[in-house]
Structures are given as structure tokens and as C-alpha cells.
>>> print(open('data26.json').read())   # JSON, C-alpha atoms and all ligand atoms
[["chain", "number", "residue", "atom", "x", "y", "z"],
["A", 365, "MET", "CA", 107.44, 127.08, 108.08],
["A", 366, "SER", "CA", 107.29, 126.21, 111.72],
["A", 367, "PRO", "CA", 105.59, 122.97, 112.69],
["A", 368, "HIS", "CA", 102.19, 123.22, 114.26],
["A", 369, "PRO", "CA", 102.45, 123.81, 117.97],
["A", 370, "GLU", "CA", 101.43, 120.73, 119.86],
["A", 371, "SER", "CA", 98.04, 121.02, 121.42],
["A", 372, "VAL", "CA", 98.58, 121.39, 125.16],
["A", 373, "ASP", "CA", 96.22, 120.26, 127.85],
["A", 374, "PRO", "CA", 94.16, 123.24, 128.85],
["A", 375, "VAL", "CA", 94.36, 124.24, 132.53],
["A", 376, "VAL", "CA", 90.82, 125.50, 132.31],
["A", 377, "PRO", "CA", 87.44, 124.23, 133.42],
["A", 378, "GLU", "CA", 85.83, 121.52, 131.32],
["A", 379, "ASP", "CA", 82.61, 123.44, 130.84],
["A", 380, "VAL", "CA", 84.15, 126.40, 129.11],
["A", 381, "GLY", "CA", 81.42, 126.19, 126.51],
["A", 382, "GLY", "CA", 81.57, 126.80, 122.82],
["A", 383, "LEU", "CA", 81.40, 129.79, 120.58],
["A", 384, "ASP", "CA", 78.33, 131.96, 120.72],
["A", 385, "PRO", "CA", 77.26, 133.15, 117.26],
["A", 386, "GLU", "CA", 74.48, 135.29, 118.74],
["A", 387, "ALA", "CA", 76.97, 137.36, 120.69],
["A", 388, "LEU", "CA", 78.83, 137.87, 117.45],
["A", 389, "GLU", "CA", 75.93, 139.95, 116.17],
["A", 390, "GLN", "CA", 76.70, 142.58, 118.80],
["A", 391, "VAL", "CA", 80.35, 142.76, 117.82],
["A", 392, "LEU", "CA", 79.68, 142.82, 114.12],
["A", 393, "ALA", "CA", 76.61, 145.04, 114.33],
["A", 394, "ALA", "CA", 77.45, 147.64, 111.79],
["A", 395, "PRO", "CA", 75.61, 148.96, 108.82],
["A", 396, "GLY", "CA", 76.76, 147.36, 105.60],
["A", 397, "GLU", "CA", 77.10, 150.81, 104.06],
["A", 398, "ARG", "CA", 80.18, 151.43, 106.18],
["A", 399, "PHE", "CA", 81.89, 148.51, 104.49],
["A", 400, "ARG", "CA", 80.83, 149.36, 100.97],
["A", 401, "HIS", "CA", 84.36, 149.84, 99.70],
["A", 402, "ASP", "CA", 85.85, 146.99, 101.69],
["A", 403, "TYR", "CA", 87.61, 144.70, 99.35],
["A", 404, "LEU", "CA", 91.17, 143.57, 99.11],
["A", 405, "GLU", "CA", 92.86, 144.19, 95.81],
["A", 406, "ILE", "CA", 96.41, 143.00, 95.31],
["A", 407, "ARG", "CA", 98.20, 143.61, 92.05],
["A", 408, "ASP", "CA", 101.57, 142.30, 90.93],
["A", 409, "LEU", "CA", 102.78, 141.69, 94.47],
["A", 410, "ARG", "CA", 106.42, 140.75, 94.67],
["A", 411, "VAL", "CA", 108.52, 139.94, 97.71],
["A", 412, "VAL", "CA", 112.21, 139.22, 97.34],
["A", 413, "PHE", "CA", 114.44, 138.08, 100.22],
["A", 414, "ASP", "CA", 118.14, 138.44, 99.40],
["A", 415, "GLY", "CA", 117.56, 137.59, 95.77],
["A", 416, "PHE", "CA", 115.08, 134.79, 96.51],
["A", 417, "VAL", "CA", 111.67, 135.53, 95.01],
["A", 418, "ALA", "CA", 109.15, 134.38, 97.62],
["A", 419, "VAL", "CA", 106.12, 136.07, 96.02],
["A", 420, "ASP", "CA", 106.24, 136.49, 92.29],
["A", 421, "GLY", "CA", 103.66, 138.81, 90.72],
["A", 422, "VAL", "CA", 100.57, 137.79, 92.66],
["A", 423, "ASP", "CA", 97.15, 139.29, 91.81],
["A", 424, "LEU", "CA", 94.41, 138.65, 94.33],
["A", 425, "THR", "CA", 90.97, 140.18, 94.78],
["A", 426, "VAL", "CA", 88.86, 139.27, 97.79],
["A", 427, "THR", "CA", 85.49, 140.89, 98.27],
["A", 428, "ARG", "CA", 83.43, 141.30, 101.40],
["A", 429, "GLY", "CA", 81.17, 138.33, 101.86],
["A", 430, "ASP", "CA", 83.80, 135.94, 100.54],
["A", 431, "LEU", "CA", 85.63, 133.46, 102.73],
["A", 432, "ARG", "CA", 88.82, 132.97, 100.78],
["A", 433, "PHE", "CA", 91.26, 130.21, 101.58],
["A", 434, "LEU", "CA", 94.90, 130.49, 100.50],
["A", 435, "ILE", "CA", 96.49, 127.10, 100.11],
["A", 436, "GLY", "CA", 99.64, 125.72, 98.60],
["A", 437, "PRO", "CA", 102.57, 123.51, 99.47],
["A", 438, "ASN", "CA", 105.12, 124.37, 102.09],
["A", 439, "GLY", "CA", 107.02, 127.52, 101.11],
["A", 440, "ALA", "CA", 104.50, 128.57, 98.43],
["A", 441, "GLY", "CA", 104.47, 132.12, 99.78],
["A", 442, "LYS", "CA", 101.16, 132.19, 101.66],
["A", 443, "THR", "CA", 102.42, 133.66, 104.93],
["A", 444, "THR", "CA", 104.70, 136.03, 103.06],
["A", 445, "ILE", "CA", 101.68, 137.49, 101.25],
["A", 446, "VAL", "CA", 99.98, 138.09, 104.59],
["A", 447, "ASP", "CA", 103.24, 139.60, 105.89],
["A", 448, "ALA", "CA", 103.38, 141.92, 102.88],
["A", 449, "ILE", "CA", 99.76, 143.03, 103.36],
["A", 450, "THR", "CA", 100.41, 143.80, 107.03],
["A", 451, "GLY", "CA", 103.68, 145.63, 106.53],
["A", 452, "LEU", "CA", 105.95, 142.87, 107.85],
["A", 453, "ALA", "CA", 107.67, 141.99, 104.56],
["A", 454, "PRO", "CA", 109.11, 144.43, 102.03],
["A", 455, "ALA", "CA", 107.05, 144.25, 98.85],
["A", 456, "THR", "CA", 106.43, 145.93, 95.53],
["A", 457, "GLY", "CA", 103.21, 146.10, 93.55],
["A", 458, "SER", "CA", 100.02, 147.37, 95.10],
["A", 459, "VAL", "CA", 97.80, 146.32, 97.97],
["A", 460, "GLN", "CA", 94.59, 148.21, 98.53],
["A", 461, "PHE", "CA", 91.91, 147.70, 101.11],
["A", 462, "GLY", "CA", 88.91, 149.95, 101.51],
["A", 463, "ARG", "CA", 90.48, 152.36, 99.03],
["A", 464, "VAL", "CA", 93.57, 152.71, 101.22],
["A", 465, "ASP", "CA", 96.94, 151.88, 99.74],
["A", 466, "LEU", "CA", 98.65, 149.65, 102.29],
["A", 467, "LEU", "CA", 102.07, 149.01, 100.82],
["A", 468, "GLY", "CA", 104.80, 151.04, 102.43],
["A", 469, "LYS", "CA", 102.66, 151.98, 105.43],
["A", 470, "PRO", "CA", 103.91, 151.09, 108.91],
["A", 471, "SER", "CA", 102.08, 148.23, 110.62],
["A", 472, "HIS", "CA", 100.16, 150.44, 113.06],
["A", 473, "ARG", "CA", 98.71, 152.49, 110.19],
["A", 474, "ILE", "CA", 97.67, 149.25, 108.49],
["A", 475, "VAL", "CA", 95.88, 148.18, 111.68],
["A", 476, "ARG", "CA", 94.13, 151.54, 111.72],
["A", 477, "ALA", "CA", 93.04, 150.97, 108.13],
["A", 478, "GLY", "CA", 91.03, 148.03, 109.47],
["A", 479, "VAL", "CA", 93.43, 145.19, 108.75],
["A", 480, "GLY", "CA", 94.04, 142.54, 111.39],
["A", 481, "ARG", "CA", 95.88, 139.25, 111.34],
["A", 482, "THR", "CA", 96.64, 136.21, 113.39],
["A", 483, "PHE", "CA", 99.86, 134.20, 113.30],
["A", 484, "GLN", "CA", 100.58, 130.48, 113.00],
["A", 485, "THR", "CA", 101.66, 130.63, 116.61],
["A", 486, "ALA", "CA", 99.18, 132.63, 118.66],
["A", 487, "SER", "CA", 100.59, 136.00, 119.60],
["A", 488, "VAL", "CA", 98.61, 136.82, 122.70],
["A", 489, "PHE", "CA", 100.20, 138.24, 125.85],
["A", 490, "ASP", "CA", 100.59, 135.08, 127.94],
["A", 491, "GLU", "CA", 101.04, 136.90, 131.25],
["A", 492, "LEU", "CA", 97.92, 139.01, 130.84],
["A", 493, "THR", "CA", 94.42, 137.72, 131.35],
["A", 494, "VAL", "CA", 92.09, 136.91, 128.51],
["A", 495, "LEU", "CA", 90.13, 140.05, 129.35],
["A", 496, "GLN", "CA", 93.24, 142.23, 129.43],
["A", 497, "ASN", "CA", 94.29, 140.92, 126.03],
["A", 498, "LEU", "CA", 90.92, 141.84, 124.58],
["A", 499, "ASP", "CA", 90.95, 145.20, 126.30],
["A", 500, "ILE", "CA", 94.32, 146.06, 124.81],
["A", 501, "ALA", "CA", 93.11, 145.03, 121.36],
["A", 502, "ALA", "CA", 90.01, 147.19, 121.80],
["A", 503, "GLY", "CA", 92.31, 150.06, 122.76],
["A", 504, "ALA", "CA", 94.17, 149.77, 119.48],
["A", 505, "GLY", "CA", 91.29, 151.59, 117.80],
["A", 506, "ARG", "CA", 90.81, 154.14, 120.57],
["A", 507, "GLN", "CA", 92.17, 157.63, 120.71],
["A", 508, "PRO", "CA", 94.98, 158.10, 123.28],
["A", 509, "LEU", "CA", 92.83, 160.37, 125.49],
["A", 510, "THR", "CA", 90.06, 157.80, 125.62],
["A", 511, "MET", "CA", 92.64, 155.17, 126.52],
["A", 512, "LEU", "CA", 93.79, 157.23, 129.52],
["A", 513, "ARG", "CA", 90.29, 157.76, 130.82],
["A", 514, "ARG", "CA", 89.35, 155.27, 133.49],
["A", 515, "ARG", "CA", 86.59, 153.01, 132.34],
["A", 516, "ARG", "CA", 84.10, 151.38, 134.61],
["A", 517, "GLY", "CA", 83.24, 147.76, 133.91],
["A", 518, "ILE", "CA", 83.89, 145.78, 130.80],
["A", 519, "PRO", "CA", 83.20, 147.58, 127.53],
["A", 520, "PRO", "CA", 80.20, 145.99, 125.79],
["A", 521, "GLU", "CA", 82.17, 145.11, 122.66],
["A", 522, "VAL", "CA", 84.73, 143.26, 124.78],
["A", 523, "GLU", "CA", 81.99, 141.39, 126.63],
["A", 524, "ALA", "CA", 80.32, 140.44, 123.36],
["A", 525, "ALA", "CA", 83.67, 139.31, 121.92],
["A", 526, "LEU", "CA", 84.31, 137.16, 125.00],
["A", 527, "GLU", "CA", 80.99, 135.43, 124.50],
["A", 528, "THR", "CA", 81.47, 135.13, 120.76],
["A", 529, "VAL", "CA", 84.74, 133.25, 121.13],
["A", 530, "GLY", "CA", 83.48, 131.23, 124.08],
["A", 531, "LEU", "CA", 85.98, 132.51, 126.63],
["A", 532, "THR", "CA", 83.72, 134.28, 129.13],
["A", 533, "LYS", "CA", 84.34, 131.70, 131.85],
["A", 534, "VAL", "CA", 88.10, 131.96, 131.54],
["A", 535, "ARG", "CA", 88.29, 135.70, 131.12],
["A", 536, "ASP", "CA", 90.33, 136.20, 134.30],
["A", 537, "LEU", "CA", 92.86, 133.46, 133.60],
["A", 538, "PRO", "CA", 96.23, 134.32, 132.10],
["A", 539, "ALA", "CA", 96.11, 133.73, 128.37],
["A", 540, "GLY", "CA", 99.23, 131.58, 128.72],
["A", 541, "VAL", "CA", 97.25, 128.71, 130.27],
["A", 542, "LEU", "CA", 94.76, 128.47, 127.43],
["A", 543, "ALA", "CA", 94.87, 125.54, 125.03],
["A", 544, "HIS", "CA", 96.21, 126.31, 121.59],
["A", 545, "GLY", "CA", 92.73, 126.36, 120.04],
["A", 546, "GLN", "CA", 91.45, 128.74, 122.69],
["A", 547, "LYS", "CA", 94.36, 131.07, 122.02],
["A", 548, "GLN", "CA", 93.36, 131.12, 118.38],
["A", 549, "TRP", "CA", 89.82, 132.00, 119.41],
["A", 550, "LEU", "CA", 91.17, 134.74, 121.66],
["A", 551, "GLU", "CA", 93.11, 136.15, 118.72],
["A", 552, "ILE", "CA", 89.98, 136.17, 116.57],
["A", 553, "GLY", "CA", 88.17, 137.94, 119.41],
["A", 554, "MET", "CA", 90.99, 140.50, 119.53],
["A", 555, "LEU", "CA", 90.54, 141.20, 115.83],
["A", 556, "LEU", "CA", 86.81, 141.66, 116.34],
["A", 557, "VAL", "CA", 87.14, 144.19, 119.17],
["A", 558, "GLN", "CA", 89.87, 145.93, 117.22],
["A", 559, "ASP", "CA", 87.16, 146.31, 114.57],
["A", 560, "ALA", "CA", 89.28, 144.69, 111.87],
["A", 561, "ARG", "CA", 87.36, 144.69, 108.58],
["A", 562, "LEU", "CA", 89.94, 142.60, 106.79],
["A", 563, "LEU", "CA", 90.88, 139.52, 108.81],
["A", 564, "LEU", "CA", 93.91, 137.52, 107.73],
["A", 565, "LEU", "CA", 94.09, 134.25, 109.64],
["A", 566, "ASP", "CA", 97.15, 132.02, 109.46],
["A", 567, "GLU", "CA", 96.20, 128.39, 110.10],
["A", 568, "PRO", "CA", 93.44, 129.20, 112.58],
["A", 569, "VAL", "CA", 92.38, 125.63, 113.29],
["A", 570, "ALA", "CA", 95.80, 124.04, 113.75],
["A", 571, "GLY", "CA", 95.79, 122.08, 116.99],
["A", 572, "MET", "CA", 92.00, 122.19, 117.37],
["A", 573, "SER", "CA", 89.71, 119.23, 117.92],
["A", 574, "GLN", "CA", 87.19, 118.31, 115.24],
["A", 575, "ALA", "CA", 84.36, 119.95, 117.21],
["A", 576, "GLU", "CA", 86.39, 123.13, 117.66],
["A", 577, "ARG", "CA", 87.20, 123.19, 113.95],
["A", 578, "GLU", "CA", 83.55, 123.04, 113.07],
["A", 579, "GLU", "CA", 82.66, 125.80, 115.50],
["A", 580, "THR", "CA", 85.50, 127.92, 114.18],
["A", 581, "GLY", "CA", 84.46, 127.31, 110.58],
["A", 582, "LEU", "CA", 80.91, 128.43, 111.29],
["A", 583, "LEU", "CA", 82.20, 131.48, 113.14],
["A", 584, "LEU", "CA", 84.44, 132.43, 110.21],
["A", 585, "GLN", "CA", 81.58, 131.96, 107.75],
["A", 586, "ARG", "CA", 79.45, 134.29, 109.81],
["A", 587, "ILE", "CA", 82.22, 136.89, 110.11],
["A", 588, "GLY", "CA", 82.89, 136.50, 106.40],
["A", 589, "GLU", "CA", 79.35, 137.55, 105.57],
["A", 590, "GLN", "CA", 80.14, 141.02, 106.84],
["A", 591, "ARG", "CA", 83.88, 141.36, 106.70],
["A", 592, "THR", "CA", 86.60, 140.35, 104.31],
["A", 593, "VAL", "CA", 88.25, 137.17, 105.51],
["A", 594, "VAL", "CA", 91.33, 135.40, 104.16],
["A", 595, "VAL", "CA", 92.39, 132.10, 105.71],
["A", 596, "VAL", "CA", 95.79, 130.51, 105.15],
["A", 597, "GLU", "CA", 95.24, 126.82, 105.71],
["A", 598, "HIS", "CA", 96.73, 123.37, 105.21],
["A", 599, "ASP", "CA", 93.74, 121.49, 106.52],
["A", 600, "MET", "CA", 91.94, 120.34, 103.40],
["A", 601, "GLU", "CA", 88.99, 118.86, 105.26],
["A", 602, "PHE", "CA", 88.40, 122.21, 106.91],
["A", 603, "LEU", "CA", 88.75, 123.94, 103.56],
["A", 604, "ARG", "CA", 86.26, 121.65, 101.85],
["A", 605, "ALA", "CA", 83.75, 122.26, 104.60],
["A", 606, "PHE", "CA", 83.99, 126.03, 104.88],
["A", 607, "ALA", "CA", 85.81, 127.79, 102.03],
["A", 608, "ALA", "CA", 83.71, 129.96, 99.75],
["A", 609, "SER", "CA", 86.61, 130.31, 97.34],
["A", 610, "VAL", "CA", 90.20, 129.16, 97.10],
["A", 611, "THR", "CA", 93.45, 130.54, 95.73],
["A", 612, "VAL", "CA", 96.18, 127.96, 95.25],
["A", 613, "LEU", "CA", 99.74, 129.25, 95.39],
["A", 614, "HIS", "CA", 102.82, 127.47, 94.21],
["A", 615, "GLN", "CA", 106.37, 128.77, 94.22],
["A", 616, "GLY", "CA", 105.23, 132.34, 94.79],
["A", 617, "LYS", "CA", 102.63, 132.44, 92.02],
["A", 618, "VAL", "CA", 98.90, 131.91, 91.79],
["A", 619, "LEU", "CA", 98.45, 128.44, 90.34],
["A", 620, "SER", "CA", 94.67, 128.21, 90.39],
["A", 621, "GLU", "CA", 91.65, 130.01, 91.74],
["A", 622, "GLY", "CA", 87.93, 129.30, 92.06],
["A", 623, "THR", "CA", 85.50, 127.30, 94.11],
["A", 624, "VAL", "CA", 86.69, 124.26, 96.04],
["A", 625, "ALA", "CA", 85.32, 122.01, 93.30],
["A", 626, "GLN", "CA", 87.03, 124.02, 90.58],
["A", 627, "VAL", "CA", 90.49, 123.98, 92.14],
["A", 628, "GLN", "CA", 90.18, 120.30, 93.06],
["A", 629, "ALA", "CA", 89.45, 119.53, 89.44],
["A", 630, "ASP", "CA", 92.35, 121.62, 88.16],
["A", 631, "PRO", "CA", 95.04, 119.23, 86.87],
["A", 632, "ARG", "CA", 97.77, 121.69, 87.86],
["A", 633, "VAL", "CA", 96.62, 121.53, 91.48],
["A", 634, "VAL", "CA", 96.47, 117.75, 91.38],
["A", 635, "GLU", "CA", 99.97, 117.72, 89.93],
["A", 636, "VAL", "CA", 101.39, 119.98, 92.64],
["A", 637, "TYR", "CA", 99.82, 118.04, 95.47],
["A", 638, "LEU", "CA", 100.17, 114.55, 94.07],
["A", 639, "GLY", "CA", 103.01, 115.06, 91.63],
["A", 640, "SER", "CA", 106.39, 113.49, 91.64],
["A", 641, "GLY", "CA", 109.51, 114.60, 93.46],
["A", 642, "THR", "CA", 109.81, 117.70, 91.29],
["A", 643, "HIS", "CA", 106.97, 119.20, 93.31],
["A", 644, "GLY", "CA", 107.87, 117.47, 96.48],
["A", 645, "ARG", "CA", 107.99, 120.67, 98.51],
["A", 646, "GLY", "CA", 104.56, 120.06, 99.92],
["A", 647, "ARG", "CA", 104.55, 119.25, 103.58],
["A", 648, "GLY", "CA", 103.43, 115.72, 104.15],
["A", 649, "THR", "CA", 100.23, 116.61, 105.94],
["A", 650, "ALA", "CA", 99.11, 119.03, 103.22],
["A", 651, "ALA", "CA", 99.82, 116.64, 100.42],
["A", 652, "ALA", "CA", 98.21, 113.77, 102.25],
["A", 653, "ALA", "CA", 95.18, 115.83, 103.16],
["A", 654, "ALA", "CA", 94.77, 117.07, 99.61],
["A", 655, "ALA", "CA", 95.13, 113.66, 98.09],
["A", 656, "PRO", "CA", 91.65, 112.33, 98.80],
["A", 657, "ALA", "CA", 90.10, 115.52, 97.41],
["A", 658, "ALA", "CA", 92.22, 115.47, 94.32],
["A", 659, "SER", "CA", 91.80, 111.80, 93.75],
["A", 660, "THR", "CA", 88.02, 112.02, 93.89],
["A", 661, "GLU", "CA", 88.31, 114.36, 90.94],
["A", 662, "VAL", "CA", 90.78, 112.32, 88.97],
["A", 663, "GLU", "CA", 89.45, 108.89, 89.64],
["B", 701, "LIG", "N1", 112.24, 136.54, 106.26],
["B", 701, "LIG", "C1", 112.58, 135.68, 105.31],
["B", 701, "LIG", "N2", 113.82, 135.66, 104.80],
["B", 701, "LIG", "C2", 114.17, 134.81, 103.81],
["B", 701, "LIG", "N3", 113.31, 133.91, 103.25],
["B", 701, "LIG", "C3", 112.07, 133.88, 103.72],
["B", 701, "LIG", "C4", 111.62, 134.75, 104.76],
["B", 701, "LIG", "N4", 110.31, 134.50, 105.00],
["B", 701, "LIG", "C5", 109.96, 133.51, 104.16],
["B", 701, "LIG", "N5", 111.01, 133.14, 103.40],
["B", 701, "LIG", "C6", 111.00, 132.12, 102.36],
["B", 701, "LIG", "O1", 109.98, 132.46, 101.45],
["B", 701, "LIG", "C7", 109.32, 131.28, 101.00],
["B", 701, "LIG", "C8", 107.84, 131.41, 101.26],
["B", 701, "LIG", "O2", 107.65, 131.27, 102.66],
["B", 701, "LIG", "P1", 106.21, 131.32, 103.32],
["B", 701, "LIG", "O3", 106.39, 131.21, 104.79],
["B", 701, "LIG", "O4", 105.47, 132.49, 102.81],
["B", 701, "LIG", "O5", 105.53, 130.02, 102.75],
["B", 701, "LIG", "P2", 104.15, 129.38, 103.16],
["B", 701, "LIG", "O6", 103.44, 129.10, 101.89],
["B", 701, "LIG", "O7", 103.46, 130.22, 104.15],
["B", 701, "LIG", "O8", 104.64, 128.02, 103.80],
["B", 701, "LIG", "P3", 104.07, 127.22, 105.07],
["B", 701, "LIG", "O9", 102.81, 126.60, 104.59],
["B", 701, "LIG", "O10", 105.10, 126.23, 105.35],
["B", 701, "LIG", "O11", 103.87, 128.20, 106.17],
["B", 701, "LIG", "C9", 109.97, 130.12, 101.69],
["B", 701, "LIG", "O12", 110.94, 129.55, 100.82],
["B", 701, "LIG", "C10", 110.63, 130.75, 102.90],
["B", 701, "LIG", "O13", 111.78, 130.03, 103.29]]
>>> encode(input="data26.json", output="C-alpha cells")
Amino acid sequence: MSPHPESVDPVVPEDVGGLDPEALEQVLAAPGERFRHDYLEIRDLRVVFDGFVAVDGVDLTVTRGDLRFLIGPNGAGKTTIVDAITGLAPATGSVQFGRVDLLGKPSHRIVRAGVGRTFQTASVFDELTVLQNLDIAAGAGRQPLTMLRRRRGIPPEVEAALETVGLTKVRDLPAGVLAHGQKQWLEIGMLLVQDARLLLLDEPVAGMSQAEREETGLLLQRIGEQRTVVVVEHDMEFLRAFAASVTVLHQGKVLSEGTVAQVQADPRVVEVYLGSGTHGRGRGTAAAAAAPAASTEVE
């Protein structure tokens, strides 16, 4: 849909540091038993906008421990599926997570069911500091009375999230001055403190440097070991490096599903990404990025 936001020069110190996987342990620390029923199960999902079928009977199952990438040409319906799961697009069918039926629930109830998402354009509060953004996200899971109580110091889960996403040194800066990649990290941190157990990430590495992409990929792999993670992505290099499994969408339907190697070898996927003008809806970057992968399989 919208073009990737240009990466802006960060107005932050050079030595901000990277992500800290060890700090992540503190945020994630939770007995696996609690997540036993955590899996996303979508059946016959359909989203229609004024007669236009954007999502057309999609089935999707993502289990905890998976790191599922959703790919597909421009307009395939990827973001709309995430919108439907999070209550932002009207849908029919069924969407269950952790035994909770999500369809038809208002967004705040879906958040409370443990579902969190990021957007293609980071949706942090620019005027508030990094710390305040995280604090608000942490509050999303708190009872109103606890929210009103004055708290001394930084809650440990917020501190651990700050370290995890490498933003400790910029915690008092307004989020608006962060570089695009750092905003994406902040959003991931917000999902962690919000205790999201299903994380839906829309193009999380857009605008990031190669080093940042790698750090983010490793972070997502680690989170994916404990939580259910779905990544909407156009970056095929990133996908090849980090996806555990892939669902390819095309014109609102699931075209192919499997490991990276399996979908790359699927002639239907090759056709959609490399095909003639009839499938020419793919955005240039996606098609171009997919081409080397597909061609290695077809050569
Ligand atoms: N609110 C809306 N009203 C009408 N049509 C919409 C709306 N949202 C999405 N669409 C249409 O639904 C289709 C799927 O859009 P969607 O954003 O889900 O695709 P996508 O696969 O995420 O694409 P991209 O990779 O470009 O983000 C597109 O044709 C889009 O124009």
C-alpha cells in the first residue's frame, strides 16, 4: 500500500548499541505451560470492501514456536488479514487465538486476548519519550486501579524491554526523533511489555540497515520460540535468512505454504513473482527481490 517511509537520519547518539537478547529472557520469562493453547487458527476468512473481495477464504494455522512469514505481491491481502485479526477490518469466517474467538471483538478486547501488532508506519507517540511509550504499552495490560497508583522507578519489564530493543540510552528522547528502524524496535518492545503472545508485524525491517535487519531477525527468532509470531514482509533476503515457514498470498487467497525452500520451488509462486503482465501487480521491489530466489530453483 503505502511506500516504505524513507529512513531518516537519527538525532540520537552514535553508540546507541544493538539489541540485547539476554534482556529478552527477562521479558519473555514465562512458563511454557501458560502458552500451551497459544496458536492462531484462521478458517475461511473473508474480507469484502464495497464488493471488492480483498481476502477470499483464507485458512491459516500458526503454532507457537513458528516464525511465519506472509508474503505476496502488492495488494495480495496480507495487511488486510492482520487488520481482520486485530478487529480493524470487517471479516467473516473464524479467527481463534489461545481458544479465544477474535472475530467481532473490539480491538481492545483483542489486545487483552494477547494479540499485538505493528504497522507499516510505526505508530508510536512521537511527542512522548521512548520510556513513556513503553510505559503506556505496559499499562495496556494493567487494571485501571493499578494504573492510577503512583509507581516508583521504572517497572522491571519496561527496563528489560528497553534493553532488549537496544533503546536504553535514548529512553528519555521523544520517540519522534528516532530513526525508522528504532521506531520499529520500540514498537516490538511495546508488544513485549504489553505481554502480547501473538505478535503480528507488518514489514518490521523496512528502512533498516543490513546490520539492523540481522539483529531484528535474530530477535524475532528468539521471540518466536516462545510466542506466536507472524511477519508480513516484502524483503526476500530477510525472509530467506529468518523465516521458519512461509504463506504466499495472491489475490486474497493462499497460493502456497511451506518452508522457504518449498515455496521457492513452487511453480505457482515463481509464476506470480516472475510471471507476465497478467500477474504484474507485484511491487517492483518484491518481484525483484524474489527473482533470485525463484530463479535459483528454476534454473
Ligand atoms: N479499507 C479499504 N477499503 C477498500 N479497499 C481496501 C481497503 N484496505 C485494503 N483494500 C484493498 O484490499 C486489497 C488488499 O490490500 P492489502 O493492503 O491487504 O494488501 P497487501 O498484500 O498488504 O499489500 P502491500 O504489500 O502493498 O501492503 C488491495 O487491493 C487494497 O486496495
>>> residues_near_point(input="data26.json", point="(98.6, 136.2, 132.5)", cutoff="7 Å", atoms="all atoms listed in the file", output="PyMOL selection string")
chain A and resi 490-493+537-540
>>> closest_residue(input="data26.json", among="A:Val464, A:Leu498, A:Val475, A:Ile445", to="Val412 in chain A", atoms="only C-alpha atoms")
A:Ile445
>>> residues_near_ligand(input="data26.json", ligand="ligand LIG 701 (chain B)", cutoff="10 Å", atoms="all atoms listed in the file", output="VMD selection string")
chain A and resid 365 to 368 411 to 419 434 to 448 452 to 454 484 566 to 567 596 to 598 612 to 616 645 to 647 650
>>> atom_distance(input="data26.json", atom1="CA of Asp430 in chain A", atom2="CA of Ala560 in chain A")
15.3 Å
>>> residues_around(input="data26.json", residues="range 523-529 of chain A", least_positions_apart="3", cutoff="12 Å", atoms="all atoms listed in the file", output="PyMOL selection string")
chain A and resi 380-393+493-499+501-502+517-520+532-536+545-559+576+579-580+582-584+586-587
>>> closest_residue(input="data26.json", among="A:Leu619, A:Ser609, A:Gly581, A:Leu404", to="Asp420 in chain A", atoms="only C-alpha atoms")
A:Leu619
>>> axis_aligned_box(input="data26.json", around="range 562-580 of chain A", padding_each_side="5 Å", output="AutoDock Vina command-line options")
--center_x 89.9 --center_y 130.5 --center_z 112.4 --size_x 24.5 --size_y 34.3 --size_z 21.1
>>> atom_distance(input="data26.json", atom1="CA of Ala608 in chain A", atom2="CA of Val595 in chain A")
10.7 Å
>>> closest_residue(input="data26.json", among="A:Val618, A:Ile500, A:Ile406, A:Leu603", to="Gln585 in chain A", atoms="all atoms listed in the file")
A:Leu603
>>> atom_distance(input="data26.json", atom1="CA of Thr456 in chain A", atom2="CA of Val426 in chain A")
18.9 Å
>>> closest_residue(input="data26.json", among="A:Ser573, A:Thr425, A:Ser487, A:Gln460", to="Glu621 in chain A", atoms="all atoms listed in the file")
A:Thr425
